[in-house]
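Peer 1: First, the structure itself, so that you have it in front of you.
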Amino acid sequence: MPRREAIEIGRHLIGPEQAAASVARAIIDANLYMVLGTADPTGWPWVSPVYYAPTGRGEFLWVSRPDRRHSRNIETRPEVSIVIFDSSAPIDTGNGVYMAATARRLTGDERAHGIDLFSRRSLGHGGRPWGLENLEGEASVHLYQATAIDTYVLEADTDRRIPVSL
């Protein structure tokens, strides 16, 4: 993880915030699942691992059944937390991306672009294709989107949170 002074990546000298953003994007791109933290109307917490597709703009897409606890929680309380990390990293070597975000179910025409992005990522990881037909009917799933508000990575030596822009 970068220190407070500038570091060199390739031919470019960059500051720690830029390096942290690069680390965050690499973690997001390399992993398949994010841990989604939700809470019910009383504040009771719930976490769920969900397969996600990043949009590249600090937004994350996933599909879920509307009757799942995290989906129900989002309907009444859209504030969520997200952590993306490599759970196979050896002890004291891992890093992660930590986010406070808002989540919502996509509806109407906005679903078409989102499900296309989700499907491309799914196919790239050996999953199945997804289309609008999967989002309709009684056995359907819904397409959800989380938008990061605050994003951080941890500085390795100090455990200091470094804010990043995705």
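FYI, nothing fancy with the structure tokens labels: chains A, B, ... in order, residues from 1 per chain, ligands from 1 as they appear.
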Can you tell me which residues surround Trp130 of chain A at a distance of at most 12 Å, considering only C-alpha atoms, apart from same-chain residues fewer than 5 positions away, and format the answer as a PyMOL selection string?

Peer 2: chain A and resi 62-63+111-123+135-136+140-143

Peer 1: Dump C-alpha atoms for the selected residues as a PDB file, in the first residue's frame?

Peer 2:
```
ATOM      1  CA  TRP A  62     -26.261  -7.259  -8.676  1.00  0.00           C
ATOM      2  CA  VAL A  63     -29.376  -9.370  -9.034  1.00  0.00           C
ATOM      3  CA  ARG A 111     -32.730  -1.887 -16.319  1.00  0.00           C
ATOM      4  CA  ALA A 112     -31.700  -2.560 -19.943  1.00  0.00           C
ATOM      5  CA  HIS A 113     -28.233  -1.010 -19.754  1.00  0.00           C
ATOM      6  CA  GLY A 114     -27.625  -2.375 -16.260  1.00  0.00           C
ATOM      7  CA  ILE A 115     -28.560  -5.957 -17.046  1.00  0.00           C
ATOM      8  CA  ASP A 116     -26.360  -5.816 -20.162  1.00  0.00           C
ATOM      9  CA  LEU A 117     -23.349  -4.774 -18.039  1.00  0.00           C
ATOM     10  CA  PHE A 118     -24.162  -7.447 -15.471  1.00  0.00           C
ATOM     11  CA  SER A 119     -24.509 -10.105 -18.180  1.00  0.00           C
ATOM     12  CA  ARG A 120     -21.169  -9.231 -19.802  1.00  0.00           C
ATOM     13  CA  ARG A 121     -19.356  -9.573 -16.481  1.00  0.00           C
ATOM     14  CA  SER A 122     -21.199 -12.812 -15.701  1.00  0.00           C
ATOM     15  CA  LEU A 123     -20.233 -14.305 -19.071  1.00  0.00           C
ATOM     16  CA  LEU A 135     -36.216  -9.487 -14.507  1.00  0.00           C
ATOM     17  CA  GLU A 136     -39.854 -10.144 -15.360  1.00  0.00           C
ATOM     18  CA  SER A 140     -37.885 -13.132 -11.530  1.00  0.00           C
ATOM     19  CA  VAL A 141     -35.042 -11.471  -9.777  1.00  0.00           C
ATOM     20  CA  HIS A 142     -34.606  -7.746  -9.537  1.00  0.00           C
ATOM     21  CA  LEU A 143     -31.591  -5.715 -10.615  1.00  0.00           C
TER      22      LEU A 143
END
```

Peer 1: With distances taken over only C-alpha atoms, which of A:Met34, A:Val153, A:Ala20, A:Ala39 is nearest to Ile82 of chain A?

Peer 2: A:Met34

Peer 1: Hey, which of A:Gln18, A:Thr38, A:Ile28, A:Tyr144 ends up closest to Gly56 of chain A? Count only C-alpha atoms.

Peer 2: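 Ranked by minimum distance to Gly56 of chain A, first place goes to A:Ile28.
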
Peer 1: Write out as number ranges by chain all residues of chain A that backbone DSSP assigns to strand (DSSP E).

Peer 2: A: 7-9, 12-14, 33-39, 45-51, 53-54, 59-64, 79-85, 96-105, 142-154, 161-163

Peer 1: Can you list, as a compact mmCIF listing (two decimals) with C-alpha atoms, in the first residue's frame, all residues belonging to chain A that DSSP tags as helix (DSSP H, G or I)?

Peer 2:
```txt
# COMPACT_ATOMS: atom_id res chain seq x y z
CA PRO A 16 -0.83 8.39 -2.25
CA GLU A 17 -4.47 9.19 -3.00
CA GLN A 18 -3.99 8.36 -6.70
CA ALA A 19 -2.15 5.17 -5.75
CA ALA A 20 -4.95 4.26 -3.33
CA ALA A 21 -7.52 4.78 -6.08
CA SER A 22 -5.52 2.47 -8.36
CA VAL A 23 -5.41 -0.15 -5.62
CA ALA A 24 -9.16 0.21 -5.06
CA ARG A 25 -9.95 -0.21 -8.75
CA ALA A 26 -7.66 -3.26 -8.96
CA ILE A 27 -9.38 -4.90 -5.97
CA ILE A 28 -12.83 -4.16 -7.42
CA ASP A 29 -11.88 -5.53 -10.84
CA ALA A 30 -10.16 -8.66 -9.48
CA ARG A 69 -33.60 -10.16 3.57
CA HIS A 70 -31.09 -7.75 2.05
CA SER A 71 -33.53 -6.88 -0.75
CA ARG A 72 -36.34 -6.23 1.71
CA ASN A 73 -33.99 -4.13 3.83
CA ILE A 74 -33.00 -1.96 0.85
CA GLU A 75 -36.65 -1.25 0.06
CA THR A 76 -37.14 0.36 3.48
CA GLU A 110 -32.92 1.90 -16.71
CA ARG A 111 -32.73 -1.89 -16.32
CA ALA A 112 -31.70 -2.56 -19.94
CA HIS A 113 -28.23 -1.01 -19.75
CA GLY A 114 -27.62 -2.38 -16.26
CA ILE A 115 -28.56 -5.96 -17.05
CA ASP A 116 -26.36 -5.82 -20.16
CA LEU A 117 -23.35 -4.77 -18.04
CA PHE A 118 -24.16 -7.45 -15.47
CA SER A 119 -24.51 -10.10 -18.18
CA ARG A 120 -21.17 -9.23 -19.80
CA ARG A 121 -19.36 -9.57 -16.48
CA SER A 122 -21.20 -12.81 -15.70
CA LEU A 123 -20.23 -14.30 -19.07
CA GLY A 124 -16.63 -13.16 -18.57
CA LEU A 132 -34.57 -8.29 -19.31
CA GLU A 133 -36.58 -11.51 -19.46
CA ASN A 134 -34.84 -12.58 -16.23
CA LEU A 135 -36.22 -9.49 -14.51
```

Peer 1: Excluding Tyr152 of chain A and its own-chain neighbours fewer than 4 positions away, which residues fall within 8 Å of it when counting only C-alpha atoms? Please give them as a list of chain:residue names.

Peer 2: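 The residues that qualify are A:Ala24, A:Val97, A:Tyr98, A:Met99, A:Arg161, A:Ile162, A:Pro163, A:Val164.
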
Peer 1: Would you put the residues from that selection into a file with N, CA and C atoms, as a PDB file, in the first residue's frame?

Peer 2:
```pdb
ATOM      1  N   ALA A  24      -7.723   0.467  -5.204  1.00  0.00           N
ATOM      2  CA  ALA A  24      -9.155   0.211  -5.055  1.00  0.00           C
ATOM      3  C   ALA A  24      -9.745  -0.348  -6.349  1.00  0.00           C
ATOM      4  N   VAL A  97     -11.584  -2.696  -0.140  1.00  0.00           N
ATOM      5  CA  VAL A  97     -12.234  -1.431  -0.446  1.00  0.00           C
ATOM      6  C   VAL A  97     -13.471  -1.364   0.440  1.00  0.00           C
ATOM      7  N   TYR A  98     -13.614  -0.263   1.159  1.00  0.00           N
ATOM      8  CA  TYR A  98     -14.698  -0.072   2.116  1.00  0.00           C
ATOM      9  C   TYR A  98     -15.566   1.080   1.637  1.00  0.00           C
ATOM     10  N   MET A  99     -16.877   0.868   1.604  1.00  0.00           N
ATOM     11  CA  MET A  99     -17.750   1.915   1.073  1.00  0.00           C
ATOM     12  C   MET A  99     -19.004   2.101   1.913  1.00  0.00           C
ATOM     13  N   ARG A 161      -7.288   5.061   7.077  1.00  0.00           N
ATOM     14  CA  ARG A 161      -8.190   5.041   5.930  1.00  0.00           C
ATOM     15  C   ARG A 161      -7.806   6.131   4.949  1.00  0.00           C
ATOM     16  N   ILE A 162      -7.650   5.748   3.698  1.00  0.00           N
ATOM     17  CA  ILE A 162      -7.337   6.716   2.650  1.00  0.00           C
ATOM     18  C   ILE A 162      -8.571   6.853   1.772  1.00  0.00           C
ATOM     19  N   PRO A 163      -9.174   8.049   1.734  1.00  0.00           N
ATOM     20  CA  PRO A 163     -10.349   8.211   0.872  1.00  0.00           C
ATOM     21  C   PRO A 163      -9.938   8.156  -0.598  1.00  0.00           C
ATOM     22  N   VAL A 164     -10.781   7.538  -1.398  1.00  0.00           N
ATOM     23  CA  VAL A 164     -10.498   7.426  -2.836  1.00  0.00           C
ATOM     24  C   VAL A 164     -11.738   7.797  -3.616  1.00  0.00           C
TER      25      VAL A 164
END
```

Peer 1: What is the distance between atom CA of Ile149 of chain A and atom CA of Leu36 of chain A, in Å to one decimal?

Peer 2: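 Pair atom CA of Ile149 of chain A / atom CA of Leu36 of chain A returns 14.4 Å.
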